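Structure file final37.txt (compact mmCIF, C-alpha atoms) is printed below.
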```
# COMPACT_ATOMS: atom_id res chain seq x y z
CA MET L 1 -17.08 -35.58 -37.50
CA GLY L 2 -18.69 -32.56 -39.07
CA LYS L 3 -18.07 -28.84 -39.27
CA ARG L 4 -19.87 -28.18 -35.98
CA GLU L 5 -17.45 -30.42 -34.06
CA SER L 6 -14.45 -29.00 -35.94
CA ASP L 7 -15.53 -25.45 -35.10
CA PHE L 8 -15.86 -26.26 -31.40
CA MET L 9 -12.52 -28.06 -31.42
CA GLN L 10 -10.88 -25.03 -33.00
CA ILE L 11 -12.08 -22.94 -30.05
CA ALA L 12 -10.43 -25.40 -27.64
CA ILE L 13 -7.23 -25.28 -29.69
CA ASP L 14 -7.32 -21.47 -29.73
CA LEU L 15 -7.69 -21.50 -25.94
CA SER L 16 -4.67 -23.80 -25.66
CA LYS L 17 -2.58 -21.27 -27.54
CA LYS L 18 -3.98 -18.30 -25.60
CA GLY L 19 -3.11 -19.76 -22.20
CA MET L 20 0.36 -20.73 -23.39
CA GLU L 21 1.03 -17.30 -24.93
CA GLU L 22 -0.14 -15.55 -21.75
CA GLY L 23 2.29 -17.68 -19.73
CA ARG L 24 -0.51 -19.28 -17.72
CA GLY L 25 0.59 -22.86 -18.39
CA GLY L 26 1.08 -25.50 -21.03
CA PRO L 27 -0.70 -25.60 -24.40
CA PHE L 28 -4.00 -27.14 -23.36
CA GLY L 29 -7.53 -25.81 -23.88
CA ALA L 30 -11.02 -27.17 -23.34
CA ILE L 31 -14.66 -26.20 -23.63
CA VAL L 32 -17.96 -27.69 -22.51
CA VAL L 33 -20.91 -27.38 -24.87
CA LYS L 34 -24.62 -27.86 -24.17
CA ASP L 35 -27.28 -27.38 -26.83
CA ASP L 36 -24.66 -25.82 -29.14
CA GLU L 37 -23.75 -23.18 -26.56
CA ILE L 38 -20.37 -22.98 -24.82
CA ILE L 39 -21.08 -23.12 -21.09
CA GLY L 40 -17.54 -23.63 -19.84
CA LYS L 41 -14.07 -22.70 -21.08
CA GLY L 42 -10.64 -23.34 -19.75
CA TYR L 43 -6.98 -23.38 -20.51
CA ASN L 44 -4.08 -24.62 -18.47
CA ASN L 45 -3.46 -22.33 -15.48
CA VAL L 46 -0.90 -24.41 -13.59
CA LEU L 47 1.90 -21.83 -13.76
CA ALA L 48 -0.29 -18.77 -13.18
CA THR L 49 -1.96 -20.20 -10.09
CA ASN L 50 0.68 -22.61 -8.76
CA ASP L 51 -2.12 -25.16 -8.78
CA PRO L 52 -1.19 -28.55 -10.25
CA THR L 53 -4.90 -29.33 -10.72
CA ALA L 54 -5.59 -26.23 -12.86
CA HIS L 55 -5.69 -28.18 -16.13
CA ALA L 56 -7.85 -26.96 -19.02
CA GLU L 57 -10.46 -29.69 -18.63
CA ILE L 58 -10.80 -29.10 -14.88
CA MET L 59 -11.18 -25.34 -15.43
CA ALA L 60 -13.84 -25.89 -18.12
CA ILE L 61 -15.72 -28.42 -15.98
CA ARG L 62 -15.73 -26.04 -13.00
CA GLU L 63 -17.08 -23.16 -15.05
CA ALA L 64 -19.71 -25.32 -16.80
CA CYS L 65 -20.95 -26.81 -13.53
CA LYS L 66 -21.15 -23.37 -11.97
CA ASN L 67 -23.12 -22.07 -14.95
CA LEU L 68 -25.47 -25.07 -14.86
CA ASN L 69 -25.73 -24.98 -11.08
CA SER L 70 -25.08 -28.72 -11.13
CA PHE L 71 -22.25 -31.13 -10.41
CA GLN L 72 -23.16 -33.16 -13.49
CA LEU L 73 -22.64 -32.42 -17.18
CA GLU L 74 -25.26 -34.77 -18.59
CA GLY L 75 -26.39 -33.58 -22.02
CA CYS L 76 -23.02 -31.89 -22.55
CA GLU L 77 -20.03 -32.47 -24.80
CA MET L 78 -16.44 -31.64 -24.00
CA TYR L 79 -13.86 -30.58 -26.55
CA THR L 80 -10.26 -30.66 -25.43
CA SER L 81 -7.11 -29.90 -27.36
CA CYS L 82 -5.46 -33.06 -26.02
CA GLU L 83 -6.44 -36.50 -24.80
CA PRO L 84 -7.13 -35.98 -21.09
CA CYS L 85 -4.50 -36.89 -18.51
CA PRO L 86 -5.46 -39.38 -15.78
CA MET L 87 -6.58 -36.63 -13.38
CA CYS L 88 -8.75 -34.93 -15.99
CA LEU L 89 -10.10 -38.26 -17.17
CA GLY L 90 -11.21 -38.96 -13.61
CA ALA L 91 -12.89 -35.55 -13.38
CA ILE L 92 -14.62 -36.14 -16.71
CA TYR L 93 -16.03 -39.45 -15.50
CA TRP L 94 -17.25 -37.82 -12.28
CA ALA L 95 -18.89 -34.99 -14.26
CA ARG L 96 -20.51 -37.42 -16.73
CA PRO L 97 -20.66 -35.50 -20.03
CA ASP L 98 -22.22 -37.40 -22.92
CA LYS L 99 -19.15 -37.21 -25.17
CA VAL L 100 -15.53 -36.06 -25.23
CA TYR L 101 -13.70 -35.00 -28.37
CA TYR L 102 -9.92 -34.55 -28.28
CA ALA L 103 -7.28 -33.41 -30.77
CA ASN L 104 -3.73 -34.32 -29.71
CA THR L 105 -3.01 -37.75 -28.24
CA ARG L 106 -1.20 -38.57 -25.02
CA LYS L 107 1.78 -39.60 -27.17
CA ASP L 108 1.77 -36.15 -28.79
CA ALA L 109 1.73 -34.66 -25.29
CA ALA L 110 4.62 -36.87 -24.18
CA ASP L 111 6.62 -35.86 -27.25
CA ALA L 112 6.03 -32.20 -26.27
CA GLY L 113 7.30 -32.84 -22.72
CA PHE L 114 4.01 -33.66 -20.95
CA ASP L 115 4.42 -37.37 -20.27
CA ASP L 116 1.65 -38.91 -18.18
CA SER L 117 2.82 -42.48 -18.66
CA VAL L 118 4.25 -42.68 -15.13
CA ILE L 119 0.78 -41.93 -13.71
CA TYR L 120 -0.89 -44.58 -15.86
CA THR L 121 1.75 -47.05 -14.64
CA GLU L 122 1.40 -46.03 -11.00
CA ILE L 123 -2.39 -46.39 -11.05
CA SER L 124 -2.10 -50.01 -12.08
CA LEU L 125 0.37 -50.90 -9.30
CA PRO L 126 -0.57 -52.14 -5.84
CA VAL L 127 -0.39 -49.28 -3.32
CA SER L 128 2.70 -50.84 -1.72
CA LYS L 129 4.63 -50.69 -5.02
CA ARG L 130 3.98 -47.03 -5.92
CA ARG L 131 6.78 -44.44 -6.11
CA ILE L 132 5.21 -42.18 -3.50
CA PRO L 133 4.88 -44.15 -0.27
CA MET L 134 1.27 -44.45 0.90
CA TYR L 135 0.29 -45.68 4.34
CA GLN L 136 -3.18 -46.53 5.55
CA LEU L 137 -4.08 -45.03 8.94
CA SER L 138 -7.21 -44.86 11.12
CA HIS L 139 -9.24 -47.10 8.82
CA LYS L 140 -11.78 -48.10 11.49
CA GLU L 141 -12.34 -44.49 12.52
CA ALA L 142 -12.72 -43.28 8.94
CA LEU L 143 -15.23 -46.03 8.12
CA GLU L 144 -17.61 -44.41 10.61
CA ALA L 145 -18.16 -41.49 8.19
CA PHE L 146 -19.10 -43.97 5.45
CA ARG L 147 -21.49 -45.76 7.80
CA GLU L 148 -23.13 -42.44 8.64
CA TRP L 149 -23.40 -41.62 4.93
CA GLY L 150 -25.12 -44.96 4.36
CA LYS L 151 -27.73 -44.09 7.01
CA LYS L 152 -28.24 -40.49 5.89
CA GLU L 153 -31.80 -40.09 4.62
CA ASN L 154 -31.52 -36.76 2.79
CA LYS L 155 -28.30 -37.48 0.91
CA ILE L 156 -27.87 -36.76 -2.77
CA ASN L 157 -26.21 -39.68 -4.53
CA TYR L 158 -23.67 -38.84 -7.20
```

Final structure tokens representation of the file:
Amino acid sequence: MGKRESDFMQIAIDLSKKGMEEGRGGPFGAIVVKDDEIIGKGYNNVLATNDPTAHAEIMAIREACKNLNSFQLEGCEMYTSCEPCPMCLGAIYWARPDKVYYANTRKDAADAGFDDSVIYTEISLPVSKRRIPMYQLSHKEALEAFREWGKKENKINY
């Protein structure tokens, strides 16, 4: 990668340190870039907001989508100070940026006390074998909303 990518990554790394130093959360930072302009920034805010979903990537995606007035990040790149956790990876796939660059690996994160391996393991298990019990209820009733969605003429697919 070139200087451009390194410069953007340094901004994500600087954000990771800023959030940590301000006591907002762990050392994670992320930015979203479109046409060489930063359109979304974020750092971990889990502790400051008591929100377990307030990860750097999620915060950056939210800001970028708001600024673009879109729920998609096509034509964008994301720079994150660490390989995304399973939740953030899911959000990234839903947002559909063109590329993601990361600095630290998930092993580096685990070594620093942020171990996501249990989530990766749980995702691959059948629902009945997961640590947190999950029970299916009202399946037939809930399917009605999906049927209505299928018939909806003015829906926006995403």

| Contacts of range 52-55 of chain L at 9 Å or less, counting all atoms listed in the file, minus same-chain residues fewer than 3 places along, as a list of chain:residue names? |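 So the residues in contact are L:Gly25, L:Gly26, L:Phe28, L:Gly29, L:Gly42, L:Tyr43, L:Asn44, L:Asn45, L:Val46, L:Leu47, L:Thr49, L:Ile58, L:Met59, L:Ala60, L:Met87, L:Cys88.
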
To box range 144-148 of chain L, take all atoms listed in the file, fit an axis-aligned box, add 3 Å on each side, and give centre and edge lengths in Å to one decimal, as lines of an AutoDock Vina configuration file.
```
center_x = -20.4
center_y = -43.6
center_z = 8.0
size_x = 11.5
size_y = 10.3
size_z = 11.2
```

Selection near range 102-119 of chain L, 7 Å with all atoms listed in the file, sequence-local residues under 2 positions removed, as a JSON list (two decimals) with C-alpha atoms, in the coordinates of the input:
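New file selection_2.json:
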```
[["chain", "number", "residue", "atom", "x", "y", "z"],
["L", 79, "TYR", "CA", -13.86, -30.58, -26.55],
["L", 80, "THR", "CA", -10.26, -30.66, -25.43],
["L", 81, "SER", "CA", -7.11, -29.90, -27.36],
["L", 82, "CYS", "CA", -5.46, -33.06, -26.02],
["L", 83, "GLU", "CA", -6.44, -36.50, -24.80],
["L", 85, "CYS", "CA", -4.50, -36.89, -18.51],
["L", 100, "VAL", "CA", -15.53, -36.06, -25.23],
["L", 121, "THR", "CA", 1.75, -47.05, -14.64],
["L", 122, "GLU", "CA", 1.40, -46.03, -11.00],
["L", 123, "ILE", "CA", -2.39, -46.39, -11.05]]
```

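The coordinates place CA of Asp36 in chain L at 22.6 Å from CA of Lys17 in chain L.
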
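For the pair CA of Met78 in chain L and CA of Ile38 in chain L, the separation is 9.5 Å.
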
| note | Shortest contact to Tyr93 in chain L, candidates L:Tyr135, L:Tyr120, L:Trp149, L:Tyr158, atoms counted all atoms listed in the file, goes to L:Tyr158

| CA of Pro97 in chain L and CA of Cys76 in chain L, how far apart in Å? |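 About the pair CA of Cys76 in chain L and CA of Pro97 in chain L: they are 5.0 Å apart.
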
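Of the residues listed (L:Met20, L:Ala48, L:Trp94, L:Gly40), L:Trp94 shows the shortest atom-to-atom separation from Asn157 in chain L; distances use all atoms listed in the file.
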
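Residue nearest Val33 in chain L within the list L:Lys3, L:Ser124, L:Leu15, L:Tyr101: L:Tyr101 [criterion: smallest interatomic distance, only C-alpha atoms].
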
| query | Could you name the residues that touch Asp98 in chain L at 6 Å or less, counting all atoms listed in the file, but leaving out those on the same chain fewer than 2 positions away, as a ChimeraX atom specification? | reply | /L:74-77
